[in-house]
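Student: Contents of query19.csv (CSV, C-alpha atoms) are below:
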```
chain,number,residue,atom,x,y,z
A,1,MET,CA,-8.5,45.8,-24.9
A,2,ILE,CA,-6.5,47.9,-22.6
A,3,VAL,CA,-2.8,48.9,-22.5
A,4,ILE,CA,-1.0,48.3,-19.2
A,5,PRO,CA,2.3,50.0,-18.3
A,6,ALA,CA,4.8,47.7,-16.6
A,7,ILE,CA,6.9,48.5,-13.5
A,8,ASP,CA,9.6,45.9,-12.9
A,9,LEU,CA,11.3,46.2,-9.5
A,10,LYS,CA,14.8,45.2,-8.8
A,11,ASN,CA,16.4,46.2,-5.5
A,12,GLY,CA,13.6,48.8,-5.1
A,13,GLN,CA,14.4,50.5,-8.5
A,14,CYS,CA,12.3,50.5,-11.7
A,15,VAL,CA,14.3,48.5,-14.3
A,16,ARG,CA,13.9,46.7,-17.5
A,17,LEU,CA,15.6,43.4,-18.2
A,18,TYR,CA,16.7,42.0,-21.6
A,19,GLN,CA,15.2,38.6,-22.3
A,20,GLY,CA,14.7,38.0,-18.5
A,21,ALA,CA,18.4,38.2,-17.6
A,22,MET,CA,18.9,39.8,-14.2
A,23,ASP,CA,22.4,40.9,-15.1
A,24,LEU,CA,21.2,42.6,-18.2
A,25,ASP,CA,19.1,45.3,-16.6
A,26,THR,CA,18.7,49.1,-17.3
A,27,VAL,CA,17.6,51.3,-14.4
A,28,TYR,CA,15.0,53.9,-15.3
A,29,SER,CA,14.0,55.3,-12.0
A,30,ASP,CA,14.6,55.0,-8.2
A,31,ASP,CA,11.1,56.4,-7.6
A,32,PRO,CA,8.5,53.6,-8.0
A,33,GLY,CA,5.7,55.6,-6.6
A,34,GLY,CA,6.4,58.6,-8.8
A,35,THR,CA,6.7,56.3,-11.9
A,36,ALA,CA,3.3,54.7,-11.1
A,37,ALA,CA,1.7,58.1,-10.6
A,38,GLY,CA,3.0,59.3,-13.9
A,39,TRP,CA,1.4,56.4,-15.8
A,40,GLN,CA,-1.9,57.0,-14.0
A,41,GLU,CA,-1.8,60.7,-15.0
A,42,GLN,CA,-1.4,59.6,-18.6
A,43,GLY,CA,-4.5,57.4,-18.5
A,44,ALA,CA,-3.5,54.0,-17.2
A,45,GLU,CA,-6.5,52.0,-16.1
A,46,ARG,CA,-4.2,49.4,-14.5
A,47,ILE,CA,-0.5,49.0,-13.7
A,48,HIS,CA,1.5,45.8,-13.9
A,49,VAL,CA,4.1,45.3,-11.2
A,50,VAL,CA,6.7,42.6,-11.0
A,51,ASP,CA,9.0,41.9,-8.0
A,52,LEU,CA,12.0,40.6,-9.9
A,53,ASN,CA,14.0,39.7,-6.8
A,54,GLY,CA,11.1,37.8,-5.5
A,55,ALA,CA,10.7,35.9,-8.8
A,56,PHE,CA,14.3,34.7,-8.6
A,57,GLU,CA,14.4,34.1,-4.9
A,58,GLY,CA,11.0,32.5,-4.5
A,59,HIS,CA,9.6,34.8,-1.9
A,60,PRO,CA,8.5,38.5,-1.9
A,61,VAL,CA,11.4,41.0,-1.6
A,62,THR,CA,10.3,44.5,-2.7
A,63,SER,CA,7.4,45.1,-0.3
A,64,PRO,CA,8.6,48.7,0.5
A,65,ALA,CA,8.6,49.6,-3.2
A,66,ASN,CA,5.2,48.0,-3.6
A,67,SER,CA,3.8,50.1,-0.8
A,68,LEU,CA,5.1,53.3,-2.4
A,69,ILE,CA,3.3,52.3,-5.6
A,70,LEU,CA,0.0,51.5,-3.9
A,71,ASP,CA,0.1,54.7,-1.9
A,72,ALA,CA,0.7,56.8,-5.1
A,73,VAL,CA,-2.1,55.6,-7.3
A,74,THR,CA,-5.8,54.7,-7.2
A,75,VAL,CA,-5.9,52.5,-10.3
A,76,PRO,CA,-5.8,48.7,-9.9
A,77,ILE,CA,-2.4,47.1,-9.4
A,78,GLN,CA,-1.7,43.6,-10.6
A,79,LEU,CA,1.4,42.2,-9.0
A,80,GLY,CA,3.6,39.1,-9.3
A,81,GLY,CA,7.0,37.7,-8.4
A,82,GLY,CA,7.8,35.2,-5.7
A,83,ILE,CA,4.2,34.5,-4.6
A,84,ARG,CA,4.0,30.9,-3.5
A,85,SER,CA,1.4,30.6,-0.8
A,86,LEU,CA,-2.2,31.6,0.2
A,87,ALA,CA,-0.8,33.6,3.1
A,88,THR,CA,1.3,35.8,0.7
A,89,ILE,CA,-1.6,36.2,-1.6
A,90,GLU,CA,-3.8,37.4,1.3
A,91,GLN,CA,-1.1,39.7,2.5
A,92,TYR,CA,-0.8,41.4,-0.9
A,93,LEU,CA,-4.6,41.7,-1.3
A,94,ASP,CA,-4.9,43.2,2.2
A,95,MET,CA,-2.2,45.8,1.2
A,96,GLY,CA,-4.4,46.9,-1.7
A,97,VAL,CA,-3.2,44.9,-4.6
A,98,ARG,CA,-6.2,44.2,-6.9
A,99,THR,CA,-4.9,41.1,-8.6
A,100,VAL,CA,-2.0,38.8,-7.7
A,101,ILE,CA,-0.2,37.0,-10.5
A,102,LEU,CA,0.9,33.4,-9.9
A,103,GLY,CA,3.7,32.3,-12.2
A,104,SER,CA,6.1,29.5,-11.2
A,105,VAL,CA,3.8,28.1,-8.6
A,106,ALA,CA,1.1,27.7,-11.2
A,107,ALA,CA,3.3,25.2,-13.1
A,108,ARG,CA,4.5,23.5,-10.0
A,109,ASP,CA,1.4,23.5,-7.8
A,110,PRO,CA,-1.8,24.1,-9.8
A,111,GLN,CA,-3.9,23.1,-6.9
A,112,LEU,CA,-2.7,26.2,-5.1
A,113,VAL,CA,-4.1,28.3,-8.0
A,114,ARG,CA,-7.5,26.6,-7.7
A,115,GLU,CA,-7.5,27.1,-3.9
A,116,ALA,CA,-6.6,30.8,-4.3
A,117,CYS,CA,-9.4,31.3,-6.9
A,118,ARG,CA,-11.9,29.8,-4.5
A,119,ALA,CA,-10.6,31.9,-1.6
A,120,PHE,CA,-10.2,35.2,-3.5
A,121,PRO,CA,-12.7,35.1,-6.5
A,122,GLY,CA,-11.7,37.3,-9.4
A,123,ARG,CA,-8.4,38.4,-7.9
A,124,VAL,CA,-6.0,35.7,-9.1
A,125,SER,CA,-4.3,35.8,-12.5
A,126,VAL,CA,-1.8,33.3,-13.9
A,127,GLY,CA,1.5,34.4,-15.6
A,128,ILE,CA,2.7,32.0,-18.3
A,129,ASP,CA,6.2,32.9,-19.4
A,130,ALA,CA,7.4,30.9,-22.4
A,131,ARG,CA,10.7,30.0,-24.1
A,132,ASP,CA,10.1,28.3,-27.4
A,133,ASN,CA,6.5,27.6,-26.3
A,134,ARG,CA,7.7,25.8,-23.1
A,135,VAL,CA,6.8,27.2,-19.7
A,136,ALA,CA,9.7,28.9,-17.8
A,137,VAL,CA,9.8,29.2,-14.1
A,138,GLN,CA,11.9,30.6,-11.2
A,139,GLY,CA,12.4,34.0,-12.7
A,140,TRP,CA,12.7,32.4,-16.2
A,141,ALA,CA,15.9,30.6,-15.1
A,142,GLU,CA,14.4,27.1,-15.7
A,143,THR,CA,12.4,25.8,-18.6
A,144,THR,CA,9.9,23.0,-18.1
A,145,ASP,CA,8.5,20.4,-20.5
A,146,LEU,CA,5.1,21.9,-20.2
A,147,THR,CA,3.7,23.7,-23.2
A,148,VAL,CA,1.9,27.0,-22.8
A,149,LEU,CA,-1.5,25.5,-23.8
A,150,GLU,CA,-1.1,22.5,-21.6
A,151,LEU,CA,-0.6,24.7,-18.6
A,152,ALA,CA,-3.4,27.2,-19.5
A,153,ARG,CA,-5.9,24.4,-19.9
A,154,ARG,CA,-5.4,23.3,-16.3
A,155,PHE,CA,-7.1,26.5,-15.2
A,156,GLU,CA,-10.1,26.5,-17.4
A,157,GLY,CA,-13.2,27.0,-15.3
A,158,VAL,CA,-11.5,27.4,-12.0
A,159,GLY,CA,-12.0,31.2,-11.8
A,160,VAL,CA,-8.6,32.6,-13.0
A,161,ALA,CA,-9.2,36.3,-13.9
A,162,GLU,CA,-6.7,36.4,-16.8
A,163,ILE,CA,-3.6,34.7,-18.2
A,164,ILE,CA,-0.6,36.9,-18.9
A,165,HIS,CA,1.4,35.3,-21.7
A,166,THR,CA,5.0,36.5,-22.1
A,167,ASP,CA,7.4,35.4,-24.9
A,168,ILE,CA,10.7,35.6,-23.0
A,169,SER,CA,12.8,36.0,-26.2
A,170,ARG,CA,10.8,39.2,-27.1
A,171,ASP,CA,10.8,40.7,-23.6
A,172,GLY,CA,12.9,43.9,-23.5
A,173,ALA,CA,14.1,43.3,-27.0
A,174,LEU,CA,11.8,45.7,-28.8
A,175,THR,CA,11.4,43.3,-31.7
A,176,GLY,CA,7.6,43.2,-31.6
A,177,PRO,CA,5.4,40.8,-29.5
A,178,ASN,CA,4.7,37.2,-30.4
A,179,LEU,CA,1.1,38.0,-31.3
A,180,THR,CA,0.7,34.7,-33.3
A,181,ALA,CA,1.4,32.6,-30.2
A,182,THR,CA,-0.8,34.8,-27.9
A,183,ARG,CA,-3.7,34.7,-30.3
A,184,ARG,CA,-3.3,30.9,-30.7
A,185,LEU,CA,-3.6,30.6,-26.9
A,186,ALA,CA,-6.6,32.9,-26.8
A,187,GLU,CA,-8.3,30.9,-29.5
A,188,HIS,CA,-8.0,27.7,-27.4
A,189,ILE,CA,-9.1,28.8,-24.0
A,190,THR,CA,-11.9,30.9,-22.5
A,191,VAL,CA,-9.9,32.8,-19.9
A,192,PRO,CA,-8.9,36.3,-21.2
A,193,VAL,CA,-5.3,36.6,-22.3
A,194,ILE,CA,-2.9,39.5,-21.9
A,195,LEU,CA,-0.1,39.9,-24.5
A,196,SER,CA,3.3,40.7,-23.0
A,197,GLY,CA,6.9,41.0,-24.3
A,198,GLY,CA,8.4,42.9,-27.2
A,199,VAL,CA,6.0,45.7,-27.8
A,200,ALA,CA,8.0,48.3,-29.7
A,201,GLY,CA,5.6,50.8,-31.1
A,202,LEU,CA,2.0,51.9,-31.7
A,203,ASP,CA,1.8,49.6,-34.8
A,204,ASN,CA,2.2,46.6,-32.5
A,205,ILE,CA,-0.8,47.8,-30.5
A,206,ARG,CA,-2.9,48.4,-33.6
A,207,GLU,CA,-2.1,44.9,-34.8
A,208,ALA,CA,-3.0,43.5,-31.4
A,209,LEU,CA,-6.3,45.4,-31.5
A,210,ALA,CA,-7.1,43.9,-34.9
A,211,HIS,CA,-6.5,40.4,-33.6
A,212,ALA,CA,-8.0,40.7,-30.1
A,213,GLY,CA,-11.2,38.8,-30.8
A,214,PRO,CA,-13.5,37.7,-29.3
A,215,PHE,CA,-12.9,34.3,-31.0
A,216,PRO,CA,-15.5,31.5,-31.6
A,217,ASN,CA,-14.5,29.7,-28.4
A,218,GLY,CA,-15.2,32.9,-26.4
A,219,GLY,CA,-11.6,33.7,-25.7
A,220,ARG,CA,-10.0,37.1,-26.4
A,221,ILE,CA,-6.9,39.2,-25.9
A,222,SER,CA,-7.9,41.6,-23.1
A,223,GLY,CA,-4.8,43.7,-22.8
A,224,VAL,CA,-1.3,44.5,-23.8
A,225,ILE,CA,1.6,45.1,-21.4
A,226,ILE,CA,4.1,47.7,-22.4
A,227,GLY,CA,7.5,48.1,-20.8
A,228,LYS,CA,10.8,49.2,-22.4
A,229,ALA,CA,9.1,51.0,-25.3
A,230,LEU,CA,7.5,53.4,-22.8
A,231,TYR,CA,10.7,54.0,-20.8
A,232,ASP,CA,12.7,54.5,-24.0
A,233,GLY,CA,10.2,57.0,-25.4
A,234,ARG,CA,9.2,54.9,-28.4
A,235,ILE,CA,5.6,54.9,-27.4
A,236,ASP,CA,3.6,57.9,-26.0
A,237,PHE,CA,1.5,56.2,-23.4
A,238,ALA,CA,-1.3,58.7,-23.6
A,239,GLU,CA,-1.5,58.1,-27.4
A,240,ALA,CA,-1.6,54.4,-26.8
A,241,VAL,CA,-4.5,54.8,-24.4
A,242,ARG,CA,-6.4,57.0,-27.0
A,243,LEU,CA,-5.8,54.3,-29.6
A,244,THR,CA,-7.3,51.5,-27.6
A,245,ARG,CA,-10.3,53.6,-26.5
A,246,GLY,CA,-11.1,54.2,-30.1
```
For this file, write the structure as structure tokens.

Tutor:
Amino acid sequence: MIVIPAIDLKNGQCVRLYQGAMDLDTVYSDDPGGTAAGWQEQGAERIHVVDLNGAFEGHPVTSPANSLILDAVTVPIQLGGGIRSLATIEQYLDMGVRTVILGSVAARDPQLVREACRAFPGRVSVGIDARDNRVAVQGWAETTDLTVLELARRFEGVGVAEIIHTDISRDGALTGPNLTATRRLAEHITVPVILSGGVAGLDNIREALAHAGPFPNGGRISGVIIGKALYDGRIDFAEAVRLTRG
């Protein structure tokens, strides 16, 4: 299991939202490239980037900031937010993004996910953001009738690299992640699952390590995304890396 620092971009700045509300944001930096380089220097094996404007508007918005991040680091970048077409996926991969994250479109057009996995093997992940176990879309502004597991099972065996599971109620709240729900998901699918939302301290990471699997079905929790706790200084990222490396 690895720990993955998050960079959420709004209007080109590094921010953190509270429970996904765009008007409840805290700006931490106006230097996305420098922020990414800092996480790499502290041992990041991968960086999680979200184009928040793109997630709400339904098309990529923060390309200049993304380019600054890609130019600043050599570790893999996983990026999501507003990706709705094969052309956009190809554009990001050509820019140097290692893995694209399909969120809203995965719920609305699962066939696109399957086509993307065939066209770009190993480079497509699915983001499942949940509110009370129901899948939320369009930058978390709308909640569907789909359960997390129903959506995840649509992508078994199609080549999805990972599923990123976020409990919206925990995101940015520093109340601890919903490890129970994430573990339940990992126990019922074979695609590796990344835990996201609410990580507040090293104890949360220790607990995730203890429950990461692998499980009898072959599933596992492959990573933990950390956001606000890093920017608020509650977690020393280098220490988190040492912890997960044993």

Student: For range 55-163 of chain A against range 204-224 of chain A, with a cut-off of 12 Å and counting only C-alpha atoms, what is the closest atom pair and its distance in Å to one decimal for every residue that makes the cut, ordered by chain and number, as JSON lines?

Tutor:
```
{"residue": "A:Glu156", "atom": "CA", "partner": "A:Gly219", "partner_atom": "CA", "distance": 11.1}
{"residue": "A:Ala161", "atom": "CA", "partner": "A:Ser222", "partner_atom": "CA", "distance": 10.7}
{"residue": "A:Glu162", "atom": "CA", "partner": "A:Ser222", "partner_atom": "CA", "distance": 8.3}
{"residue": "A:Ile163", "atom": "CA", "partner": "A:Ser222", "partner_atom": "CA", "distance": 9.5}
```

Student: Excluding Leu149 in chain A and its own-chain neighbours fewer than 4 positions away, which residues fall within 8 Å of it when counting all atoms listed in the file? Please give them as a PyMOL selection string.

Tutor: chain A and resi 153+185+188

Student: Write the residues of the preceding selection, restricted to C-alpha atoms, as a PDB file, in the frame of the given file.

Tutor:
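Output file selection.pdb is given in full below:
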```pdb
ATOM      1  CA  ARG A 153      -5.900  24.400 -19.900  1.00  0.00           C
ATOM      2  CA  LEU A 185      -3.600  30.600 -26.900  1.00  0.00           C
ATOM      3  CA  HIS A 188      -8.000  27.700 -27.400  1.00  0.00           C
TER       4      HIS A 188
END
```

Student: Residues within 10 Å of Ile7 in chain A, please, as a ChimeraX atom specification. Count all atoms listed in the file; anything in the same chain fewer than 4 positions from it doesn't count.

Tutor: /A:13-16,28-29,32-33,35-36,39,47-51,69,79,226-228,231

Student: Pick from A:Leu86, A:Ala6, A:Leu17, A:Met1: nearest to Phe237 in chain A, with only C-alpha atoms counted?

Tutor: A:Ala6

Student: Provide the CA of Glu57 in chain A to CA of Pro121 in chain A distance in Å, to one decimal place.

Tutor: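 Separating CA of Glu57 in chain A from CA of Pro121 in chain A is a distance of 27.2 Å.
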
Student: Of the residues A:Thr180, A:Ser196, A:Gln40, A:Gln138, which is the one nearest to Val75 in chain A, using all atoms listed in the file?

Tutor: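 Answer, going by the shortest atom-to-atom distance: A:Gln40.
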
Student: Which residues are near Thr88 in chain A? Cut-off 12 Å, all atoms listed in the file, ignore same chain within fewer than 3 positions. Put them as an NGL selection string.

Tutor: :A and (54 or 58-61 or 63 or 79-85 or 91-95 or 97 or 100-102 or 112 or 116)

Student: Between CA of Ser125 in chain A and CA of Pro76 in chain A, measure the distance and give it in Å to one decimal.

Tutor: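 Separation of CA of Ser125 in chain A and CA of Pro76 in chain A: 13.2 Å.
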
Student: Which is closer to Val135 in chain A than all the others in A:Arg108, A:Arg245, A:Arg184, A:Arg123, using only C-alpha atoms?

Tutor: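 Ranked by minimum distance to Val135 in chain A, first place goes to A:Arg108.
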
Student: So that I can see what lies close to Glu115 in chain A, please list as an MDAnalysis selection string the residues with an atom at most 12 Å from it, counting all atoms listed in the file and leaving out residues fewer than 2 positions away in the same chain.

Tutor: chainID A and resid 85:87 89 106 109:113 117:121 124 155 158:160
